Amino acid sequence: MSRWNPSRGDNHRQTQALLPWYLTGRLDPDEAGRVEAHLDECGACRDELAAERRLREAVLSAPEPEFASDLSHRRRVPIVAWAAGAMGAIAASVAVAVVTLQPAHAPARHEIYRTLGDTPAPDVGDVVVVFDPTCSVEQMHEALARARARIVDGPTSGGVYVLRTPHGGRQAALTALRGSPGVRLAESLGGEG
Amino acid sequence: MAGGQSAGAGIRRAPTLRLVVDESALVERIAGGDQRAFDELYRLYLPRLRRFLGTMLSSLPLVEEVLDDTMLVVWTRSGSFDGASKVSTWVFSIAYRTALNALRRRREPNSDEDHEERPSPDLGPEEQLAGKHARRALLLAMERLSPDHRAVVDLTYFHELGYREIAEIMSCPLETVKTRMHYARRHLRRALSGRLADWL
């Protein structure tokens, strides 16, 4: 417990503040013991505990925001898919995301491929890159020119750019990017390159 | 610890699979460039992070973006994880900071500093009814909380984290976590006044 003055008023206040974590069993034994001792002698806090229990159950049983199960806004392959994509399993990674989002309707792998294939080719990136904060505009331009790549998405809130590299030239582009000053990370988004 | 939980129909809680996975070992492998380990950690955390970020943010594209960025940081910074905190604390703190940065950049209305001082929305006559209207009232009340308050509620109720871990995730004092939770509980209960009995 960070601060717990043994006075009755402080016990009352601290007990009320700790009830959410008392309910989930997340207090250490000393704290839980003090809360229980106070509950034994305070009817108001027992009522508060009952109200807290009802509130918690209400919050847990409330529907999640509607957008959480709405896939219609998916705009691109998740960037993190590059990790699995580097092993030639990008569809599996995407499937993980989709199954998690819509457990009641998990699309077959070929369905996912078709969905991705329907995306207009010019908008599909195949490399993600993160530049150093100190990277100058000139360095960025030079890196893109050496890789013969162009930016098709980003930056995301984390400063990630998605690039499109020339057909058959992805590996060369990755090598060029990784060797360029100002490039912190360059990874493939999977598939054949 | 004697704080029992009373289960109710339809109540969701965070998956417990993490209990049998050595997450620290996964992060160590990720630091060594093991992409399979990254994929495994990604699968473990995707549902939890989606839930958490969905609570803090207001749109699916933004949730996706912050989720991607969070996992990218996990990949690039895994070498800096020293085991001083739990992996879940480390991952959630990255997600929290990334979400806050995204909110600042997007300047979403619900990131306003004075948001928590606004009154709860008025409920129309239909929303005075019990049952589903109580759920509607709760969702509205949650929306009126600031992202910080929603984060504390979600981490406490759904992810069942202790207040010390939440303080570490949010980089704030312990008392701040308690104060935020106290305010959120009061706000939600006020919005649901008289409706909780009709809930379950």
# chains A, B, ... in the order shown; residues from 1 in each chain; ligands from 1
call {"tool": "residues_around", "arguments": {"residues": "Arg185 in chain B", "least_positions_apart": "3", "cutoff": "8 Å", "atoms": "only C-alpha atoms", "output": "list in words"}}
result
Glu52 and Leu55 of chain A; Met181, His182, Leu188 and Arg189 of chain B
call {"tool": "residues_around", "arguments": {"residues": "range 67-81 of chain B", "least_positions_apart": "5", "cutoff": "9 Å", "atoms": "only C-alpha atoms", "output": "number ranges by chain"}}
result
A: 78-81, 156-160, 185; B: 24, 27-33, 35, 38, 42, 46, 49-50, 53, 62, 87, 90-92, 94-99
call {"tool": "closest_residue", "arguments": {"among": "A:Glu41, A:Asp47, A:Glu57, A:Asp10", "to": "chain B", "atoms": "only C-alpha atoms"}}
result
A:Glu57
call {"tool": "select_by_dssp", "arguments": {"residues": "range 124-192 of chain A", "states": "alpha helix (DSSP H)", "output": "PDB file with C-alpha atoms, in the first residue's frame"}}
result
ATOM      1  CA  VAL A 137      14.403  14.935 -46.683  1.00  0.00           C
ATOM      2  CA  GLU A 138      17.382  14.602 -49.009  1.00  0.00           C
ATOM      3  CA  GLN A 139      18.420  11.316 -47.396  1.00  0.00           C
ATOM      4  CA  MET A 140      14.873  10.038 -47.683  1.00  0.00           C
ATOM      5  CA  HIS A 141      14.682  10.939 -51.354  1.00  0.00           C
ATOM      6  CA  GLU A 142      18.044   9.333 -52.008  1.00  0.00           C
ATOM      7  CA  ALA A 143      17.071   6.131 -50.232  1.00  0.00           C
ATOM      8  CA  LEU A 144      13.847   5.891 -52.220  1.00  0.00           C
ATOM      9  CA  ALA A 145      15.676   6.598 -55.452  1.00  0.00           C
ATOM     10  CA  ARG A 146      18.325   3.935 -54.778  1.00  0.00           C
ATOM     11  CA  ALA A 147      15.556   1.435 -54.019  1.00  0.00           C
ATOM     12  CA  ARG A 170      12.107  -6.141 -53.912  1.00  0.00           C
ATOM     13  CA  GLN A 171      15.234  -7.786 -52.559  1.00  0.00           C
ATOM     14  CA  ALA A 172      17.440  -5.271 -54.301  1.00  0.00           C
ATOM     15  CA  ALA A 173      15.274  -2.497 -52.913  1.00  0.00           C
ATOM     16  CA  LEU A 174      15.519  -3.888 -49.387  1.00  0.00           C
ATOM     17  CA  THR A 175      19.293  -4.112 -49.696  1.00  0.00           C
ATOM     18  CA  ALA A 176      19.461  -0.539 -50.945  1.00  0.00           C
ATOM     19  CA  LEU A 177      17.201   0.757 -48.211  1.00  0.00           C
ATOM     20  CA  ARG A 178      19.052  -1.052 -45.442  1.00  0.00           C
TER      21      ARG A 178
END
call {"tool": "closest_residue", "arguments": {"among": "B:Asn101, B:Ser88, B:Ser146, B:Ser93", "to": "chain A", "atoms": "only C-alpha atoms"}}
result
B:Asn101
call {"tool": "closest_residue", "arguments": {"among": "A:Cys42, A:Val59, A:Ala37, A:Val127", "to": "chain B", "atoms": "only C-alpha atoms"}}
result
A:Val59
call {"tool": "closest_residue", "arguments": {"among": "B:Phe52, B:Ala141, B:Leu57, B:His133", "to": "Arg106 in chain B", "atoms": "only C-alpha atoms"}}
result
B:Leu57
call {"tool": "atom_distance", "arguments": {"atom1": "CA of Pro63 in chain A", "atom2": "CA of Thr176 in chain B"}}
result
27.5 Å
call {"tool": "atom_distance", "arguments": {"atom1": "CA of Ala51 in chain A", "atom2": "CA of Gly162 in chain B"}}
result
19.7 Å
call {"tool": "closest_residue", "arguments": {"among": "B:Ala37, B:Leu192, B:Val153, B:Ala102", "to": "chain A", "atoms": "only C-alpha atoms"}}
result
B:Ala102
call {"tool": "atom_distance", "arguments": {"atom1": "CA of Ala186 in chain A", "atom2": "CA of Val128 in chain A"}}
result
5.7 Å
